[in-house]
file protein25.cif (mmCIF, C-alpha atoms)
data_input
#
loop_
_atom_site.group_PDB
_atom_site.id
_atom_site.type_symbol
_atom_site.label_atom_id
_atom_site.label_comp_id
_atom_site.auth_asym_id
_atom_site.auth_seq_id
_atom_site.Cartn_x
_atom_site.Cartn_y
_atom_site.Cartn_z
ATOM 1 C CA MET A 1 0.000 0.000 0.000
ATOM 2 C CA THR A 2 1.335 3.420 -0.928
ATOM 3 C CA ILE A 3 0.726 6.042 1.724
ATOM 4 C CA SER A 4 1.300 9.579 0.564
ATOM 5 C CA VAL A 5 3.447 12.157 2.302
ATOM 6 C CA ARG A 6 0.554 14.533 1.873
ATOM 7 C CA LYS A 7 -1.614 12.307 4.049
ATOM 8 C CA ALA A 8 1.078 12.178 6.703
ATOM 9 C CA ALA A 9 1.253 15.960 6.734
ATOM 10 C CA SER A 10 -2.519 16.124 6.995
ATOM 11 C CA ALA A 11 -2.431 13.804 9.982
ATOM 12 C CA ALA A 12 0.154 15.973 11.696
ATOM 13 C CA VAL A 13 -1.934 19.091 11.150
ATOM 14 C CA LEU A 14 -5.087 17.288 12.255
ATOM 15 C CA SER A 15 -3.374 16.073 15.395
ATOM 16 C CA ALA A 16 -2.295 19.598 16.316
ATOM 17 C CA VAL A 17 -5.639 21.217 15.545
ATOM 18 C CA LEU A 18 -7.757 18.608 17.262
ATOM 19 C CA GLY A 19 -5.524 18.014 20.255
ATOM 20 C CA ALA A 20 -7.516 20.495 22.287
ATOM 21 C CA ALA A 21 -10.779 18.877 21.265
ATOM 22 C CA LEU A 22 -9.535 15.600 22.695
ATOM 23 C CA ALA A 23 -8.768 17.428 25.934
ATOM 24 C CA GLY A 24 -5.120 16.902 25.262
ATOM 25 C CA CYS A 25 -4.831 13.175 25.872
ATOM 26 C CA GLY A 26 -1.656 12.013 24.207
ATOM 27 C CA GLY A 27 -1.308 15.305 22.395
ATOM 28 C CA GLY A 28 0.557 17.322 24.993
ATOM 29 C CA SER A 29 3.786 19.068 24.218
ATOM 30 C CA GLY A 30 5.292 17.682 27.390
ATOM 31 C CA PRO A 31 6.739 19.397 30.441
ATOM 32 C CA SER A 32 7.858 22.885 31.149
ATOM 33 C CA ASP A 33 11.601 23.471 30.928
ATOM 34 C CA ALA A 34 11.817 23.054 34.688
ATOM 35 C CA GLY A 35 9.991 19.732 34.547
ATOM 36 C CA ARG A 36 12.467 18.321 32.070
ATOM 37 C CA GLU A 37 15.094 17.917 34.762
ATOM 38 C CA ALA A 38 13.318 14.859 36.128
ATOM 39 C CA ARG A 39 14.256 12.957 32.981
ATOM 40 C CA LEU A 40 17.689 12.573 34.486
ATOM 41 C CA GLY A 41 16.422 9.709 36.643
ATOM 42 C CA THR A 42 18.142 6.464 35.707
ATOM 43 C CA PRO A 43 16.693 2.963 35.460
ATOM 44 C CA ALA A 44 16.713 1.313 38.859
ATOM 45 C CA ALA A 45 18.160 -2.115 39.499
ATOM 46 C CA SER A 46 16.015 -5.079 38.536
ATOM 47 C CA ALA A 47 14.731 -5.234 42.088
ATOM 48 C CA SER A 48 14.421 -1.485 42.572
ATOM 49 C CA ALA A 49 12.962 0.132 45.634
ATOM 50 C CA SER A 50 10.095 1.423 43.500
ATOM 51 C CA ALA A 51 9.354 -1.997 42.133
ATOM 52 C CA SER A 52 9.502 -3.652 45.539
ATOM 53 C CA ALA A 53 7.070 -1.077 46.893
ATOM 54 C CA PRO A 54 4.254 -1.068 44.313
ATOM 55 C CA ALA A 55 2.088 1.984 43.825
ATOM 56 C CA PRO A 56 -1.047 2.098 45.971
ATOM 57 C CA GLY A 57 -3.747 -0.126 44.562
ATOM 58 C CA ALA A 58 -1.301 -2.173 42.495
ATOM 59 C CA PRO A 59 -1.083 -5.906 43.228
ATOM 60 C CA SER A 60 1.468 -6.731 45.903
ATOM 61 C CA ALA A 61 3.671 -9.797 45.722
ATOM 62 C CA ALA A 62 4.736 -9.520 49.352
ATOM 63 C CA GLY A 63 3.945 -12.688 51.232
ATOM 64 C CA ALA A 64 2.057 -14.226 48.328
ATOM 65 C CA ALA A 65 2.850 -16.257 45.253
ATOM 66 C CA PRO A 66 2.771 -14.241 42.010
ATOM 67 C CA GLN A 67 -0.582 -14.403 40.241
ATOM 68 C CA ALA A 68 -0.834 -15.746 36.706
ATOM 69 C CA GLY A 69 -0.037 -13.113 34.141
ATOM 70 C CA ALA A 70 1.319 -10.620 36.651
ATOM 71 C CA PRO A 71 4.738 -9.114 35.955
ATOM 72 C CA ALA A 72 7.256 -9.799 38.709
ATOM 73 C CA LYS A 73 8.622 -6.512 40.003
ATOM 74 C CA PRO A 74 8.368 -4.478 36.795
ATOM 75 C CA PRO A 75 11.333 -2.118 36.443
ATOM 76 C CA THR A 76 10.997 1.530 37.344
ATOM 77 C CA MET A 77 13.409 4.439 37.176
ATOM 78 C CA ALA A 78 15.252 5.989 40.075
ATOM 79 C CA PRO A 79 13.866 9.327 41.295
ATOM 80 C CA GLY A 80 15.060 12.436 39.527
ATOM 81 C CA PRO A 81 16.749 15.439 41.179
ATOM 82 C CA ASN A 82 15.293 16.346 44.571
ATOM 83 C CA GLY A 83 13.284 13.139 44.593
ATOM 84 C CA LEU A 84 11.030 14.136 41.700
ATOM 85 C CA THR A 85 9.065 11.437 39.910
ATOM 86 C CA PRO A 86 11.251 10.196 37.028
ATOM 87 C CA VAL A 87 10.093 10.561 33.419
ATOM 88 C CA PHE A 88 10.653 7.996 30.658
ATOM 89 C CA GLU A 89 10.279 8.872 26.967
ATOM 90 C CA ARG A 90 12.420 6.451 24.976
ATOM 91 C CA ALA A 91 14.799 3.583 25.703
ATOM 92 C CA ARG A 92 18.391 4.637 26.270
ATOM 93 C CA GLN A 93 19.546 1.620 24.270
ATOM 94 C CA HIS A 94 19.048 2.936 20.738
ATOM 95 C CA THR A 95 20.562 0.047 18.793
ATOM 96 C CA ASP A 96 18.002 -2.635 19.654
ATOM 97 C CA LYS A 97 15.116 -2.433 17.169
ATOM 98 C CA THR A 98 12.341 -2.580 19.729
ATOM 99 C CA VAL A 99 9.276 -0.362 19.886
ATOM 100 C CA ALA A 100 6.470 -0.003 22.431
ATOM 101 C CA LEU A 101 2.959 0.700 21.184
ATOM 102 C CA THR A 102 0.947 2.344 23.955
ATOM 103 C CA PHE A 103 -2.776 3.025 23.960
ATOM 104 C CA ASP A 104 -4.600 5.542 26.134
ATOM 105 C CA ALA A 105 -7.997 4.230 27.274
ATOM 106 C CA ASP A 106 -9.578 7.584 28.058
ATOM 107 C CA MET A 107 -12.698 8.436 29.961
ATOM 108 C CA THR A 108 -13.159 11.442 32.197
ATOM 109 C CA ALA A 109 -14.965 11.414 35.500
ATOM 110 C CA ASP A 110 -17.948 13.285 34.059
ATOM 111 C CA GLN A 111 -18.573 11.322 30.848
ATOM 112 C CA GLY A 112 -20.923 8.729 32.305
ATOM 113 C CA ALA A 113 -23.971 10.366 30.742
ATOM 114 C CA ARG A 114 -22.379 10.246 27.310
ATOM 115 C CA ALA A 115 -21.556 6.563 27.758
ATOM 116 C CA ALA A 116 -25.128 5.914 28.899
ATOM 117 C CA GLY A 117 -26.291 7.652 25.739
ATOM 118 C CA GLY A 118 -24.369 5.212 23.562
ATOM 119 C CA GLU A 119 -20.989 6.885 23.044
ATOM 120 C CA ARG A 120 -18.243 4.272 23.023
ATOM 121 C CA PHE A 121 -15.058 5.041 24.888
ATOM 122 C CA ASP A 122 -13.761 1.491 24.399
ATOM 123 C CA ASN A 123 -12.372 -0.287 21.332
ATOM 124 C CA PRO A 124 -12.668 -4.072 21.702
ATOM 125 C CA GLN A 125 -11.805 -4.641 18.041
ATOM 126 C CA LEU A 126 -8.453 -2.936 18.556
ATOM 127 C CA ILE A 127 -7.682 -5.192 21.515
ATOM 128 C CA ALA A 128 -8.752 -8.239 19.478
ATOM 129 C CA THR A 129 -6.462 -7.207 16.611
ATOM 130 C CA LEU A 130 -3.508 -6.720 18.951
ATOM 131 C CA ARG A 131 -4.138 -10.230 20.270
ATOM 132 C CA THR A 132 -4.438 -11.711 16.787
ATOM 133 C CA LEU A 133 -1.235 -10.014 15.648
ATOM 134 C CA GLN A 134 0.442 -10.965 18.948
ATOM 135 C CA VAL A 135 1.579 -7.443 19.747
ATOM 136 C CA PRO A 136 2.609 -6.944 23.394
ATOM 137 C CA SER A 137 1.211 -3.562 24.410
ATOM 138 C CA THR A 138 0.836 -1.195 27.340
ATOM 139 C CA ILE A 139 -2.633 0.235 27.969
ATOM 140 C CA PHE A 140 -2.698 3.520 29.892
ATOM 141 C CA MET A 141 -6.155 3.346 31.441
ATOM 142 C CA THR A 142 -8.164 5.847 33.443
ATOM 143 C CA GLY A 143 -9.940 4.561 36.517
ATOM 144 C CA ARG A 144 -13.226 5.844 35.146
ATOM 145 C CA TRP A 145 -12.727 3.709 32.010
ATOM 146 C CA ALA A 146 -12.153 0.629 34.171
ATOM 147 C CA GLU A 147 -15.375 1.344 36.040
ATOM 148 C CA GLU A 148 -17.366 1.787 32.826
ATOM 149 C CA TYR A 149 -15.931 -1.350 31.197
ATOM 150 C CA PRO A 150 -14.932 -3.642 34.089
ATOM 151 C CA ASP A 151 -15.169 -6.850 32.052
ATOM 152 C CA GLN A 152 -12.833 -5.448 29.410
ATOM 153 C CA ALA A 153 -10.477 -4.061 32.049
ATOM 154 C CA LYS A 154 -10.282 -7.499 33.649
ATOM 155 C CA ALA A 155 -9.784 -9.251 30.307
ATOM 156 C CA ILE A 156 -6.970 -6.887 29.355
ATOM 157 C CA GLY A 157 -5.515 -6.985 32.845
ATOM 158 C CA THR A 158 -5.308 -10.767 32.990
ATOM 159 C CA ASP A 159 -3.917 -11.246 29.481
ATOM 160 C CA PRO A 160 -0.106 -11.631 29.554
ATOM 161 C CA ASN A 161 0.029 -9.888 26.175
ATOM 162 C CA PHE A 162 -0.865 -6.619 27.926
ATOM 163 C CA GLU A 163 0.052 -4.542 30.934
ATOM 164 C CA ILE A 164 -2.176 -1.837 32.410
ATOM 165 C CA ALA A 165 -0.625 1.456 33.455
ATOM 166 C CA ASN A 166 -2.232 4.398 35.240
ATOM 167 C CA HIS A 167 -3.657 7.334 33.267
ATOM 168 C CA SER A 168 -5.290 8.922 36.342
ATOM 169 C CA TYR A 169 -8.833 8.332 37.532
ATOM 170 C CA SER A 170 -10.532 11.488 36.295
ATOM 171 C CA HIS A 171 -8.359 12.573 33.338
ATOM 172 C CA HIS A 172 -8.100 16.008 34.907
ATOM 173 C CA ALA A 173 -4.986 18.132 34.497
ATOM 174 C CA PHE A 174 -2.007 17.815 36.824
ATOM 175 C CA THR A 175 -0.786 21.258 35.787
ATOM 176 C CA THR A 176 -2.217 24.181 33.861
ATOM 177 C CA PRO A 177 -2.728 25.160 31.166
ATOM 178 C CA CYS A 178 -3.559 21.772 29.706
ATOM 179 C CA TYR A 179 -6.089 21.846 26.887
ATOM 180 C CA GLY A 180 -8.763 23.338 29.130
ATOM 181 C CA LEU A 181 -8.895 20.331 31.437
ATOM 182 C CA PRO A 182 -10.048 20.975 35.032
ATOM 183 C CA ALA A 183 -6.986 21.078 37.278
ATOM 184 C CA LEU A 184 -6.187 19.089 40.408
ATOM 185 C CA ASP A 185 -4.149 20.394 43.325
ATOM 186 C CA ALA A 186 -1.253 18.319 44.675
ATOM 187 C CA ALA A 187 -3.272 16.382 47.262
ATOM 188 C CA ALA A 188 -6.079 15.662 44.804
ATOM 189 C CA ALA A 189 -3.571 14.597 42.148
ATOM 190 C CA ARG A 190 -2.020 11.936 44.360
ATOM 191 C CA ALA A 191 -5.470 10.720 45.450
ATOM 192 C CA ASP A 192 -6.553 10.543 41.804
ATOM 193 C CA VAL A 193 -3.686 8.191 40.986
ATOM 194 C CA ASP A 194 -4.475 5.977 43.969
ATOM 195 C CA ARG A 195 -8.140 5.865 42.993
ATOM 196 C CA ALA A 196 -7.264 4.662 39.496
ATOM 197 C CA PHE A 197 -5.131 1.800 40.815
ATOM 198 C CA ALA A 198 -8.013 0.866 43.129
ATOM 199 C CA ALA A 199 -10.418 0.801 40.165
ATOM 200 C CA PHE A 200 -8.124 -1.602 38.285
ATOM 201 C CA ARG A 201 -7.969 -3.876 41.298
ATOM 202 C CA THR A 202 -11.739 -3.796 41.743
ATOM 203 C CA ALA A 203 -12.205 -4.743 38.084
ATOM 204 C CA GLY A 204 -9.958 -7.766 38.616
ATOM 205 C CA ALA A 205 -6.915 -6.609 36.639
ATOM 206 C CA VAL A 206 -3.747 -8.416 37.681
ATOM 207 C CA ASN A 207 -0.944 -7.290 35.390
ATOM 208 C CA THR A 208 -0.850 -3.631 36.411
ATOM 209 C CA VAL A 209 2.468 -1.805 36.409
ATOM 210 C CA PRO A 210 3.714 1.227 38.399
ATOM 211 C CA TYR A 211 3.739 3.572 35.421
ATOM 212 C CA PHE A 212 1.743 6.773 35.005
ATOM 213 C CA ARG A 213 0.865 8.943 32.021
ATOM 214 C CA PHE A 214 -0.178 12.530 32.665
ATOM 215 C CA PRO A 215 -3.479 13.523 31.037
ATOM 216 C CA GLY A 216 -2.582 15.574 28.005
ATOM 217 C CA GLY A 217 1.073 14.787 28.639
ATOM 218 C CA CYS A 218 1.122 17.984 30.723
ATOM 219 C CA TYR A 219 3.378 18.167 33.758
ATOM 220 C CA ASP A 220 5.845 20.370 35.608
ATOM 221 C CA ASP A 221 8.017 20.069 38.704
ATOM 222 C CA GLN A 222 5.027 20.569 40.995
ATOM 223 C CA ALA A 223 3.185 17.668 39.357
ATOM 224 C CA LEU A 224 6.262 15.456 39.552
ATOM 225 C CA ARG A 225 6.665 16.360 43.212
ATOM 226 C CA ALA A 226 3.007 15.599 43.962
ATOM 227 C CA LEU A 227 3.464 12.025 42.705
ATOM 228 C CA SER A 228 6.875 11.421 44.275
ATOM 229 C CA THR A 229 5.462 9.224 47.055
ATOM 230 C CA ALA A 230 3.432 7.124 44.610
ATOM 231 C CA LYS A 231 6.592 5.279 43.501
ATOM 232 C CA VAL A 232 5.633 5.457 39.823
ATOM 233 C CA THR A 233 7.592 6.227 36.678
ATOM 234 C CA ALA A 234 5.919 8.810 34.456
ATOM 235 C CA VAL A 235 5.831 7.619 30.850
ATOM 236 C CA GLN A 236 5.678 10.047 27.943
ATOM 237 C CA TRP A 237 6.469 9.206 24.285
ATOM 238 C CA ASP A 238 8.617 10.216 21.344
ATOM 239 C CA VAL A 239 6.178 9.320 18.530
ATOM 240 C CA VAL A 240 2.738 10.934 18.239
ATOM 241 C CA SER A 241 0.473 8.804 16.052
ATOM 242 C CA GLY A 242 -1.985 11.543 15.141
ATOM 243 C CA ASP A 243 -4.899 9.099 15.583
ATOM 244 C CA ALA A 244 -6.987 11.554 17.625
ATOM 245 C CA PHE A 245 -10.129 12.166 15.556
ATOM 246 C CA ALA A 246 -8.293 11.054 12.428
ATOM 247 C CA LYS A 247 -10.401 9.808 9.512
ATOM 248 C CA ASP A 248 -7.627 8.355 7.371
ATOM 249 C CA PRO A 249 -5.919 5.223 8.762
ATOM 250 C CA ASP A 250 -3.231 5.401 6.078
ATOM 251 C CA ALA A 251 -2.180 8.858 7.256
ATOM 252 C CA VAL A 252 -1.968 7.648 10.857
ATOM 253 C CA ALA A 253 0.110 4.650 9.780
ATOM 254 C CA GLU A 254 2.458 6.844 7.747
ATOM 255 C CA GLN A 255 2.994 9.217 10.646
ATOM 256 C CA VAL A 256 3.910 6.354 12.990
ATOM 257 C CA LEU A 257 6.143 4.621 10.456
ATOM 258 C CA ALA A 258 7.969 7.871 9.721
ATOM 259 C CA GLY A 259 8.623 8.534 13.395
ATOM 260 C CA VAL A 260 9.600 5.196 14.902
ATOM 261 C CA LYS A 261 13.234 4.696 15.897
ATOM 262 C CA PRO A 262 14.839 1.938 17.973
ATOM 263 C CA GLY A 263 13.521 2.240 21.519
ATOM 264 C CA SER A 264 10.543 4.432 20.584
ATOM 265 C CA VAL A 265 7.340 4.800 22.580
ATOM 266 C CA VAL A 266 4.308 5.438 20.346
ATOM 267 C CA VAL A 267 1.175 7.056 21.793
ATOM 268 C CA MET A 268 -2.158 5.956 20.346
ATOM 269 C CA HIS A 269 -5.706 5.639 21.692
ATOM 270 C CA CYS A 270 -8.126 2.877 22.632
ATOM 271 C CA THR A 271 -11.297 4.951 22.322
ATOM 272 C CA ARG A 272 -13.664 4.458 19.400
ATOM 273 C CA SER A 273 -15.405 7.821 19.708
ATOM 274 C CA ALA A 274 -12.163 9.817 19.726
ATOM 275 C CA ALA A 275 -9.898 7.623 17.588
ATOM 276 C CA PRO A 276 -12.054 5.636 15.161
ATOM 277 C CA VAL A 277 -9.367 4.487 12.699
ATOM 278 C CA THR A 278 -6.669 3.277 15.118
ATOM 279 C CA GLU A 279 -7.435 -0.418 14.688
ATOM 280 C CA GLU A 280 -7.254 -0.167 10.906
ATOM 281 C CA ALA A 281 -3.972 1.751 11.110
ATOM 282 C CA ILE A 282 -2.498 -0.959 13.346
ATOM 283 C CA ARG A 283 -3.086 -3.529 10.620
ATOM 284 C CA THR A 284 -0.680 -1.536 8.437
ATOM 285 C CA ILE A 285 1.796 -0.454 11.116
ATOM 286 C CA VAL A 286 2.510 -3.839 12.689
ATOM 287 C CA PRO A 287 3.468 -5.888 9.611
ATOM 288 C CA GLU A 288 5.477 -3.011 8.146
ATOM 289 C CA LEU A 289 7.531 -2.489 11.303
ATOM 290 C CA ARG A 290 8.125 -6.232 11.563
ATOM 291 C CA LYS A 291 9.280 -6.197 7.948
ATOM 292 C CA ARG A 292 11.776 -3.506 8.960
ATOM 293 C CA GLY A 293 13.098 -5.762 11.700
ATOM 294 C CA TYR A 294 11.328 -4.260 14.717
ATOM 295 C CA ARG A 295 10.150 -6.261 17.701
ATOM 296 C CA PHE A 296 7.165 -5.086 19.742
ATOM 297 C CA VAL A 297 7.564 -4.884 23.513
ATOM 298 C CA LYS A 298 5.721 -3.497 26.508
ATOM 299 C CA VAL A 299 6.950 -0.337 28.184
ATOM 300 C CA SER A 300 8.265 -2.452 31.061
ATOM 301 C CA GLU A 301 10.776 -4.074 28.720
ATOM 302 C CA LEU A 302 11.987 -0.737 27.372
ATOM 303 C CA ILE A 303 12.418 0.707 30.861
ATOM 304 C CA GLY A 304 14.375 -2.377 31.834
ATOM 305 C CA LYS A 305 16.984 -1.763 29.119
#
call {"tool": "encode", "arguments": {"input": "protein25.cif", "output": "structure tokens"}}
result
Amino acid sequence: MTISVRKAASAAVLSAVLGAALAGCGGGSGPSDAGREARLGTPAASASASASAPAPGAPSAAGAAPQAGAPAKPPTMAPGPNGLTPVFERARQHTDKTVALTFDADMTADQGARAAGGERFDNPQLIATLRTLQVPSTIFMTGRWAEEYPDQAKAIGTDPNFEIANHSYSHHAFTTPCYGLPALDAAAARADVDRAFAAFRTAGAVNTVPYFRFPGGCYDDQALRALSTAKVTAVQWDVVSGDAFAKDPDAVAEQVLAGVKPGSVVVMHCTRSAAPVTEEAIRTIVPELRKRGYRFVKVSELIGK
């Protein structure tokens, strides 16, 4: 299939224009200059303090045999300067042709009425395709999504092909401005993360990992400080798929294929209403990257490198 450069450019423009309409999920420009210092955190040892003390709400292996499908002490990064939550964007090992596809399962705390009215914030066909193609993936899920679709959250969270990471409970902003999202103060931000982990546990998810993605990708030092006691690694990305509200799967595929490098983290979405062509784009992206020699991994494997 020939995918035009023009379509790729259109996807990039569409992603920028419609980022605000998506409330910024996966479309953020990242941290302030001050917040960037936390990227200096280094990967912890395989049995890091963060991994041995899971984030609140995450399954604990202490005193119990590991559950089926659950990762054993997933790697985290050491805290950044002044104990700030560390931030991961791309594997430091840039010679290994691995790539992590990540999918944000978005739902805000106040979208229940829209879901009741028939709007679909899930994408079971995407999950089915990832299973069929045997693509290990990391799903960044909001707690509200897990509450709306508990059966799907459990199915994803007990499938060894996937790991569930935290995308907050409410999908509110952890700093402002952030695409017009309502903002949380420091205490509410930490509680929001805990509440999401609790929602995963209630749904029956097992393979949760101590990783967190800021709504909209928006953060600063204050946000990193607010989460410092949560023992999580914040995960950003280096490849924006442009799937938010995209209508052309070929353009999304081209944008991903043009951006992927060894060790890349790609941000996509698992929400039919906001990203309707993601599943179709995946059916182009996966075989092409495999043809180029890439191996798909979860974020936990990239962080461990």
call {"tool": "resolve_selection", "arguments": {"input": "protein25.cif", "expression": "the PyMOL selection byres ((chain A and resi 234) around 7)", "output": "JSON, numbers by chain"}}
result
{"A": [85, 86, 87, 88, 211, 212, 213, 232, 233, 235, 236]}
call {"tool": "closest_residue", "arguments": {"input": "protein25.cif", "among": "A:Ala198, A:Met141, A:Leu224, A:Ala116", "to": "A:Ala186", "atoms": "all atoms listed in the file"}}
result
A:Leu224
call {"tool": "axis_aligned_box", "arguments": {"input": "protein25.cif", "around": "stretch 244-261 of chain A", "padding_each_side": "5 Å", "output": "lines of an AutoDock Vina configuration file"}}
result
center_x = 1.4
center_y = 8.4
center_z = 11.9
size_x = 33.6
size_y = 17.5
size_z = 21.5
call {"tool": "atom_distance", "arguments": {"input": "protein25.cif", "atom1": "atom CA of A:Ala187", "atom2": "atom CA of A:Thr271"}}
result
28.6 Å
call {"tool": "residues_around", "arguments": {"input": "protein25.cif", "residues": "stretch 257-259 of chain A", "least_positions_apart": "2", "cutoff": "7 Å", "atoms": "only C-alpha atoms", "output": "mmCIF file with C-alpha atoms, keeping the file's coordinate frame"}}
result
data_model
loop_
_atom_site.group_PDB
_atom_site.id
_atom_site.type_symbol
_atom_site.label_atom_id
_atom_site.label_comp_id
_atom_site.auth_asym_id
_atom_site.auth_seq_id
_atom_site.Cartn_x
_atom_site.Cartn_y
_atom_site.Cartn_z
ATOM 1 C CA VAL A 239 6.178 9.320 18.530
ATOM 2 C CA ALA A 253 0.110 4.650 9.780
ATOM 3 C CA GLU A 254 2.458 6.844 7.747
ATOM 4 C CA GLN A 255 2.994 9.217 10.646
ATOM 5 C CA LYS A 261 13.234 4.696 15.897
ATOM 6 C CA ILE A 285 1.796 -0.454 11.116
#
call {"tool": "atom_distance", "arguments": {"input": "protein25.cif", "atom1": "atom CA of A:Arg90", "atom2": "atom CA of A:Pro262"}}
result
8.7 Å
call {"tool": "resolve_selection", "arguments": {"input": "protein25.cif", "expression": "the PyMOL selection byres ((chain A and resi 166-182) around 8)", "output": "PyMOL selection string"}}
result
chain A and resi 19-21+23-24+28+104+106-110+140-144+164-165+183-186+189+192-193+195-197+209-216+218-220+222-223
call {"tool": "residues_around", "arguments": {"input": "protein25.cif", "residues": "A:Arg131", "least_positions_apart": "4", "cutoff": "8 Å", "atoms": "only C-alpha atoms", "output": "MDAnalysis selection string"}}
result
chainID A and resid 127 135 161
call {"tool": "residues_around", "arguments": {"input": "protein25.cif", "residues": "A:Ala100", "least_positions_apart": "2", "cutoff": "9 Å", "atoms": "all atoms listed in the file", "output": "count of residues only"}}
result
17
call {"tool": "resolve_selection", "arguments": {"input": "protein25.cif", "expression": "the PyMOL selection byres ((chain A and resi 282) around 9)", "output": "mmCIF file with C-alpha atoms, keeping the file's coordinate frame"}}
result
data_model
loop_
_atom_site.group_PDB
_atom_site.id
_atom_site.type_symbol
_atom_site.label_atom_id
_atom_site.label_comp_id
_atom_site.auth_asym_id
_atom_site.auth_seq_id
_atom_site.Cartn_x
_atom_site.Cartn_y
_atom_site.Cartn_z
ATOM 1 C CA LEU A 126 -8.453 -2.936 18.556
ATOM 2 C CA THR A 129 -6.462 -7.207 16.611
ATOM 3 C CA LEU A 130 -3.508 -6.720 18.951
ATOM 4 C CA PRO A 249 -5.919 5.223 8.762
ATOM 5 C CA VAL A 252 -1.968 7.648 10.857
ATOM 6 C CA ALA A 253 0.110 4.650 9.780
ATOM 7 C CA VAL A 277 -9.367 4.487 12.699
ATOM 8 C CA THR A 278 -6.669 3.277 15.118
ATOM 9 C CA GLU A 279 -7.435 -0.418 14.688
ATOM 10 C CA GLU A 280 -7.254 -0.167 10.906
ATOM 11 C CA ALA A 281 -3.972 1.751 11.110
ATOM 12 C CA ARG A 283 -3.086 -3.529 10.620
ATOM 13 C CA THR A 284 -0.680 -1.536 8.437
ATOM 14 C CA ILE A 285 1.796 -0.454 11.116
ATOM 15 C CA VAL A 286 2.510 -3.839 12.689
ATOM 16 C CA PRO A 287 3.468 -5.888 9.611
#
call {"tool": "atom_distance", "arguments": {"input": "protein25.cif", "atom1": "atom CA of A:Val240", "atom2": "atom CA of A:Ala188"}}
result
28.4 Å
call {"tool": "closest_residue", "arguments": {"input": "protein25.cif", "among": "A:Glu147, A:Asp238, A:Glu288, A:Asp194", "to": "A:Phe121", "atoms": "only C-alpha atoms"}}
result
A:Glu147
call {"tool": "residues_around", "arguments": {"input": "protein25.cif", "residues": "A:Ala153", "least_positions_apart": "6", "cutoff": "8 Å", "atoms": "all atoms listed in the file", "output": "VMD selection string"}}
result
chain A and resid 146 200 203 to 205
call {"tool": "closest_residue", "arguments": {"input": "protein25.cif", "among": "A:Asn207, A:Gln125, A:Gln152, A:Thr95", "to": "A:Ser300", "atoms": "all atoms listed in the file"}}
result
A:Asn207
